[in-house]
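Colleague: target08.pdb is reproduced in full below (PDB, C-alpha atoms).
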ATOM      1  CA  MET N   1     -19.346 233.698-177.885  1.00  0.00           C
ATOM      2  CA  LYS N   2     -20.648 231.299-175.249  1.00  0.00           C
ATOM      3  CA  PRO N   3     -18.599 228.308-174.096  1.00  0.00           C
ATOM      4  CA  LEU N   4     -19.497 225.126-175.983  1.00  0.00           C
ATOM      5  CA  ILE N   5     -20.508 221.849-174.367  1.00  0.00           C
ATOM      6  CA  LEU N   6     -20.356 219.244-177.149  1.00  0.00           C
ATOM      7  CA  GLY N   7     -21.743 215.750-176.711  1.00  0.00           C
ATOM      8  CA  VAL N   8     -20.611 213.296-179.366  1.00  0.00           C
ATOM      9  CA  GLY N   9     -21.233 209.630-180.057  1.00  0.00           C
ATOM     10  CA  ASN N  10     -23.295 207.086-181.903  1.00  0.00           C
ATOM     11  CA  ILE N  11     -26.603 206.412-180.135  1.00  0.00           C
ATOM     12  CA  LEU N  12     -27.076 203.204-182.139  1.00  0.00           C
ATOM     13  CA  LEU N  13     -24.096 201.550-180.426  1.00  0.00           C
ATOM     14  CA  GLY N  14     -25.128 201.412-176.786  1.00  0.00           C
ATOM     15  CA  ASP N  15     -22.777 203.306-174.480  1.00  0.00           C
ATOM     16  CA  GLU N  16     -21.005 204.926-177.454  1.00  0.00           C
ATOM     17  CA  GLY N  17     -23.880 207.420-177.354  1.00  0.00           C
ATOM     18  CA  VAL N  18     -23.271 208.660-173.809  1.00  0.00           C
ATOM     19  CA  GLY N  19     -22.003 212.083-174.937  1.00  0.00           C
ATOM     20  CA  VAL N  20     -25.125 212.671-177.010  1.00  0.00           C
ATOM     21  CA  ARG N  21     -27.391 211.551-174.157  1.00  0.00           C
ATOM     22  CA  ILE N  22     -25.636 213.923-171.730  1.00  0.00           C
ATOM     23  CA  ALA N  23     -26.007 216.810-174.221  1.00  0.00           C
ATOM     24  CA  GLN N  24     -29.704 216.003-174.581  1.00  0.00           C
ATOM     25  CA  ALA N  25     -30.134 216.040-170.795  1.00  0.00           C
ATOM     26  CA  LEU N  26     -28.273 219.365-170.522  1.00  0.00           C
ATOM     27  CA  GLU N  27     -30.576 220.918-173.118  1.00  0.00           C
ATOM     28  CA  ASN N  28     -33.385 220.571-170.556  1.00  0.00           C
ATOM     29  CA  LEU N  29     -31.559 222.408-167.744  1.00  0.00           C
ATOM     30  CA  SER N  30     -32.589 226.046-167.515  1.00  0.00           C
ATOM     31  CA  GLU N  31     -29.434 226.919-165.544  1.00  0.00           C
ATOM     32  CA  ILE N  32     -27.216 225.790-168.462  1.00  0.00           C
ATOM     33  CA  LEU N  33     -28.789 227.220-171.614  1.00  0.00           C
ATOM     34  CA  PRO N  34     -28.445 230.965-170.892  1.00  0.00           C
ATOM     35  CA  HIS N  35     -24.695 230.569-170.305  1.00  0.00           C
ATOM     36  CA  PHE N  36     -23.566 227.799-172.665  1.00  0.00           C
ATOM     37  CA  ASP N  37     -24.152 226.494-176.151  1.00  0.00           C
ATOM     38  CA  VAL N  38     -25.006 222.796-175.841  1.00  0.00           C
ATOM     39  CA  VAL N  39     -24.656 220.802-179.051  1.00  0.00           C
ATOM     40  CA  ASP N  40     -25.534 217.214-179.835  1.00  0.00           C
ATOM     41  CA  GLY N  41     -22.694 216.533-182.248  1.00  0.00           C
ATOM     42  CA  GLY N  42     -23.691 212.931-182.849  1.00  0.00           C
ATOM     43  CA  THR N  43     -21.188 211.373-185.234  1.00  0.00           C
ATOM     44  CA  CYS N  44     -20.445 214.594-187.092  1.00  0.00           C
ATOM     45  CA  GLY N  45     -16.909 215.503-187.941  1.00  0.00           C
ATOM     46  CA  MET N  46     -15.901 218.462-190.071  1.00  0.00           C
ATOM     47  CA  GLU N  47     -19.521 219.628-190.019  1.00  0.00           C
ATOM     48  CA  LEU N  48     -18.743 220.881-186.505  1.00  0.00           C
ATOM     49  CA  LEU N  49     -15.922 223.169-187.618  1.00  0.00           C
ATOM     50  CA  ASP N  50     -17.963 226.384-187.646  1.00  0.00           C
ATOM     51  CA  GLU N  51     -19.647 225.457-184.360  1.00  0.00           C
ATOM     52  CA  MET N  52     -16.265 224.897-182.667  1.00  0.00           C
ATOM     53  CA  ALA N  53     -14.259 227.744-184.224  1.00  0.00           C
ATOM     54  CA  ASN N  54     -13.173 230.733-182.155  1.00  0.00           C
ATOM     55  CA  ARG N  55     -14.478 229.424-178.836  1.00  0.00           C
ATOM     56  CA  GLU N  56     -12.608 230.288-175.689  1.00  0.00           C
ATOM     57  CA  HIS N  57     -13.947 227.135-173.983  1.00  0.00           C
ATOM     58  CA  ILE N  58     -14.952 223.782-175.467  1.00  0.00           C
ATOM     59  CA  ILE N  59     -15.909 220.799-173.344  1.00  0.00           C
ATOM     60  CA  ILE N  60     -16.389 217.532-175.230  1.00  0.00           C
ATOM     61  CA  ILE N  61     -18.270 214.652-173.622  1.00  0.00           C
ATOM     62  CA  ASP N  62     -17.759 211.242-175.188  1.00  0.00           C
ATOM     63  CA  ALA N  63     -17.297 207.529-174.614  1.00  0.00           C
ATOM     64  CA  VAL N  64     -13.590 206.645-174.476  1.00  0.00           C
ATOM     65  CA  LEU N  65     -11.538 203.479-174.256  1.00  0.00           C
ATOM     66  CA  ALA N  66      -9.159 204.322-171.429  1.00  0.00           C
ATOM     67  CA  ASN N  67      -8.493 200.871-169.911  1.00  0.00           C
ATOM     68  CA  LYS N  68     -10.751 201.740-166.983  1.00  0.00           C
ATOM     69  CA  GLN N  69     -13.786 200.073-165.439  1.00  0.00           C
ATOM     70  CA  PRO N  70     -17.130 200.658-167.188  1.00  0.00           C
ATOM     71  CA  GLY N  71     -18.536 203.980-166.035  1.00  0.00           C
ATOM     72  CA  ASP N  72     -15.176 205.402-164.940  1.00  0.00           C
ATOM     73  CA  ILE N  73     -14.612 209.011-165.973  1.00  0.00           C
ATOM     74  CA  ILE N  74     -11.418 210.617-167.219  1.00  0.00           C
ATOM     75  CA  VAL N  75     -10.793 214.318-167.723  1.00  0.00           C
ATOM     76  CA  LEU N  76      -8.203 215.526-170.214  1.00  0.00           C
ATOM     77  CA  HIS N  77      -7.241 219.110-170.987  1.00  0.00           C
ATOM     78  CA  ASP N  78      -5.900 221.086-173.916  1.00  0.00           C
ATOM     79  CA  GLU N  79      -3.147 219.264-175.876  1.00  0.00           C
ATOM     80  CA  GLN N  80      -4.023 215.913-174.269  1.00  0.00           C
ATOM     81  CA  VAL N  81      -7.368 215.894-176.102  1.00  0.00           C
ATOM     82  CA  PRO N  82      -6.229 215.780-179.760  1.00  0.00           C
ATOM     83  CA  VAL N  83      -3.639 213.142-178.849  1.00  0.00           C
ATOM     84  CA  PHE N  84      -6.306 211.004-177.210  1.00  0.00           C
ATOM     85  CA  PHE N  85      -8.714 211.394-180.157  1.00  0.00           C
ATOM     86  CA  SER N  86      -5.984 210.320-182.565  1.00  0.00           C
ATOM     87  CA  ARG N  87      -6.393 206.811-181.072  1.00  0.00           C
ATOM     88  CA  LYS N  88      -9.882 206.447-182.433  1.00  0.00           C
ATOM     89  CA  ILE N  89     -12.437 203.961-181.138  1.00  0.00           C
ATOM     90  CA  SER N  90     -15.124 204.993-183.599  1.00  0.00           C
ATOM     91  CA  PRO N  91     -15.461 206.922-186.859  1.00  0.00           C
ATOM     92  CA  HIS N  92     -16.710 210.137-185.224  1.00  0.00           C
ATOM     93  CA  GLN N  93     -13.530 210.453-183.194  1.00  0.00           C
ATOM     94  CA  LEU N  94     -11.465 210.697-186.352  1.00  0.00           C
ATOM     95  CA  GLY N  95     -13.772 213.559-187.344  1.00  0.00           C
ATOM     96  CA  ILE N  96     -13.243 215.370-184.030  1.00  0.00           C
ATOM     97  CA  CYS N  97      -9.480 214.907-184.374  1.00  0.00           C
ATOM     98  CA  ASP N  98      -9.684 216.424-187.881  1.00  0.00           C
ATOM     99  CA  VAL N  99     -11.726 219.372-186.607  1.00  0.00           C
ATOM    100  CA  LEU N 100      -9.243 220.045-183.802  1.00  0.00           C
ATOM    101  CA  SER N 101      -6.365 219.887-186.301  1.00  0.00           C
ATOM    102  CA  ALA N 102      -8.164 222.302-188.628  1.00  0.00           C
ATOM    103  CA  LEU N 103      -8.805 224.699-185.736  1.00  0.00           C
ATOM    104  CA  LYS N 104      -5.077 224.691-184.974  1.00  0.00           C
ATOM    105  CA  LEU N 105      -4.180 225.387-188.596  1.00  0.00           C
ATOM    106  CA  THR N 106      -6.590 228.330-188.791  1.00  0.00           C
ATOM    107  CA  ASP N 107      -5.652 229.740-185.354  1.00  0.00           C
ATOM    108  CA  GLU N 108      -9.210 229.092-184.117  1.00  0.00           C
ATOM    109  CA  PHE N 109      -8.270 226.464-181.513  1.00  0.00           C
ATOM    110  CA  PRO N 110      -9.986 227.046-178.164  1.00  0.00           C
ATOM    111  CA  LYS N 111      -8.034 228.632-175.351  1.00  0.00           C
ATOM    112  CA  ASN N 112      -9.435 225.943-173.037  1.00  0.00           C
ATOM    113  CA  LEU N 113     -10.286 222.467-174.322  1.00  0.00           C
ATOM    114  CA  CYS N 114     -11.523 219.637-172.134  1.00  0.00           C
ATOM    115  CA  LEU N 115     -12.612 216.071-172.759  1.00  0.00           C
ATOM    116  CA  ILE N 116     -14.827 214.351-170.227  1.00  0.00           C
ATOM    117  CA  GLY N 117     -14.549 210.727-171.237  1.00  0.00           C
ATOM    118  CA  ILE N 118     -16.662 207.869-169.931  1.00  0.00           C
ATOM    119  CA  GLN N 119     -15.471 204.274-170.206  1.00  0.00           C
ATOM    120  CA  PRO N 120     -18.290 202.349-171.916  1.00  0.00           C
ATOM    121  CA  GLU N 121     -19.562 198.966-170.858  1.00  0.00           C
ATOM    122  CA  THR N 122     -20.818 197.917-174.287  1.00  0.00           C
ATOM    123  CA  PHE N 123     -20.782 198.922-177.943  1.00  0.00           C
ATOM    124  CA  GLU N 124     -23.396 196.356-178.884  1.00  0.00           C
ATOM    125  CA  PRO N 125     -26.031 197.669-181.303  1.00  0.00           C
ATOM    126  CA  HIS N 126     -28.654 199.025-178.928  1.00  0.00           C
ATOM    127  CA  ILE N 127     -30.294 202.425-178.616  1.00  0.00           C
ATOM    128  CA  ALA N 128     -30.316 202.551-174.810  1.00  0.00           C
ATOM    129  CA  LEU N 129     -27.307 203.112-172.590  1.00  0.00           C
ATOM    130  CA  SER N 130     -26.293 200.331-170.231  1.00  0.00           C
ATOM    131  CA  GLU N 131     -27.533 200.587-166.655  1.00  0.00           C
ATOM    132  CA  THR N 132     -23.921 201.062-165.537  1.00  0.00           C
ATOM    133  CA  ILE N 133     -23.557 204.209-167.634  1.00  0.00           C
ATOM    134  CA  GLN N 134     -27.028 205.519-166.780  1.00  0.00           C
ATOM    135  CA  LYS N 135     -26.135 205.318-163.079  1.00  0.00           C
ATOM    136  CA  GLN N 136     -23.086 207.499-163.750  1.00  0.00           C
ATOM    137  CA  PHE N 137     -25.102 210.503-164.955  1.00  0.00           C
ATOM    138  CA  PRO N 138     -24.964 212.309-161.564  1.00  0.00           C
ATOM    139  CA  LYS N 139     -21.190 211.769-161.437  1.00  0.00           C
ATOM    140  CA  ILE N 140     -20.790 212.949-165.058  1.00  0.00           C
ATOM    141  CA  PHE N 141     -22.794 216.103-164.243  1.00  0.00           C
ATOM    142  CA  LYS N 142     -20.651 216.669-161.127  1.00  0.00           C
ATOM    143  CA  THR N 143     -17.476 216.257-163.192  1.00  0.00           C
ATOM    144  CA  LEU N 144     -18.820 218.765-165.732  1.00  0.00           C
ATOM    145  CA  GLN N 145     -19.695 221.160-162.917  1.00  0.00           C
ATOM    146  CA  ASN N 146     -16.123 220.853-161.553  1.00  0.00           C
ATOM    147  CA  VAL N 147     -14.599 221.525-164.991  1.00  0.00           C
ATOM    148  CA  LEU N 148     -16.830 224.557-165.424  1.00  0.00           C
ATOM    149  CA  LYS N 149     -15.773 225.788-161.974  1.00  0.00           C
ATOM    150  CA  GLU N 150     -12.100 225.428-163.027  1.00  0.00           C
ATOM    151  CA  TYR N 151     -12.910 227.738-165.935  1.00  0.00           C
ATOM    152  CA  GLY N 152     -14.614 230.268-163.650  1.00  0.00           C
ATOM    153  CA  PHE N 153     -18.252 229.279-164.285  1.00  0.00           C
ATOM    154  CA  HIS N 154     -20.286 228.534-161.170  1.00  0.00           C
ATOM    155  CA  ILE N 155     -23.350 226.593-162.263  1.00  0.00           C
ATOM    156  CA  GLN N 156     -25.511 224.336-160.100  1.00  0.00           C
ATOM    157  CA  MET N 157     -26.901 221.266-161.806  1.00  0.00           C
TER
END
Will you turn the file into structure tokens for me?
Modeller:
Amino acid sequence: MKPLILGVGNILLGDEGVGVRIAQALENLSEILPHFDVVDGGTCGMELLDEMANREHIIIIDAVLANKQPGDIIVLHDEQVPVFFSRKISPHQLGICDVLSALKLTDEFPKNLCLIGIQPETFEPHIALSETIQKQFPKIFKTLQNVLKEYGFHIQM
């Protein structure tokens, strides 16, 4: 089974949709698709259980409140991820936390789990991302590339 890159978020709430927008951009990169499953998870929760089960690698990209400057990126690994998602900032994060808990209970938790979190600038109802977050796309892609390299995948984006 291919590694999963999962973008989550609510595109109706400005920067809360950054994970979805990154997933959508990755779906257009020919160097990604043959090697990875890229999923726009939107605000889904338990609906993602089958998609996430029995993966060796899952990388989640999402907006996070981490007391950082807008556009700052954090990277969390393995057990840090469910703990971070338990402090929800939006309804979909509760769903992801539930999925991760279910995967643990069924022994389907990924061997390698990573969260690439981006500090949002705004959650105001708006379909577009803020300019601050849009400017961070190259840095988000570079962070993803570095995480993939840590896992032994050498992909140029």
Colleague: Let me make sure I understand: among N:Cys97, N:Leu105, N:Val81, N:Leu4, which one has the smallest atom-to-atom distance to Met46 in chain N if we use only C-alpha atoms?
Modeller: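 That would be N:Cys97, the residue with the smallest distance to Met46 in chain N.
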Colleague: What does the structure give for the distance between CA of Asn146 in chain N and CA of Ser101 in chain N, in Å to one decimal?
Modeller: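 CA of Ser101 in chain N lies 26.6 Å from CA of Asn146 in chain N.
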Colleague: Record the distance separating CA of Ile116 in chain N and CA of Leu100 in chain N, expressed in Å with one decimal.
Modeller: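 Distance between the two atoms: 15.7 Å.
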Colleague: Using only C-alpha atoms, determine which residues lie at most 8 Å from range 64-66 of chain N, disregarding the query and same-chain residues fewer than 5 positions distant; provide the list as number ranges by chain.
Modeller: N: 74, 89, 117-120
Colleague: Under the PyMOL selection byres ((chain N and resi 25) around 12), which residues of this model are included? Write them out as a list in words.
Modeller: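 Taken over the shown coordinates, the PyMOL selection byres ((chain N and resi 25) around 12) returns Ile5, Gly7, Val18, Gly19, Val20, Arg21, Ile22, Ala23, Gln24, Leu26, Glu27, Asn28, Leu29, Ser30, Ile32, Leu33, Val38, Val39, Asp40, Gln134, Phe137, Pro138, Ile140, Phe141 and Met157 of chain N.
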Colleague: How many Å lie between CA of Glu108 in chain N and CA of Arg55 in chain N, rounded to one decimal?
Modeller: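 According to the coordinates, CA of Glu108 in chain N and CA of Arg55 in chain N are separated by 7.5 Å.
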Colleague: List, as an MDAnalysis selection string, every residue that the PyMOL selection byres ((chain N and resi 127-129) around 10) selects in the file provided.
Modeller: chainID N and resid 10:18 21 120:126 130:135
Colleague: Between N:Ile59, N:Val8, N:Pro3, N:Lys149, which residue has the minimum interatomic distance to Thr43 in chain N, considering all atoms listed in the file?
Modeller: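 Counting all atoms listed in the file, the residue closest to Thr43 in chain N is N:Val8.
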Colleague: Tell me which of N:Gln80, N:Thr143, N:Thr106, N:Asn112 sits closest to Gln156 in chain N, counting only C-alpha atoms.
Modeller: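 Of all the options, N:Thr143 lies closest to Gln156 in chain N.
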Colleague: Please determine the residues with any atom at most 7 Å from (-24.6, 231.9, -175.9) (coordinates as given in the file, with all atoms listed in the file counting) and report them as a list in words.
Modeller: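 Selection result: Met1, Lys2, Pro34, His35, Phe36 and Asp37 of chain N.
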Colleague: Which of these, N:Leu6, N:His77, N:Asp107, N:Leu148, has the shortest distance to Leu48 in chain N once you count only C-alpha atoms?
Modeller: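 Closest residue, counting only C-alpha atoms: N:Leu6.
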Colleague: Which of these, N:Ile73, N:Ala102, N:Ile96, N:Leu113, has the shortest distance to Gln136 in chain N once you count all atoms listed in the file?
Modeller: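 Counting all atoms listed in the file, the residue closest to Gln136 in chain N is N:Ile73.
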Colleague: Using all atoms listed in the file, which of N:Gly42, N:Pro70, N:Pro110, N:Pro82 sits nearest His57 in chain N?
Modeller: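 Under the stated criterion, the closest residue is N:Pro110.
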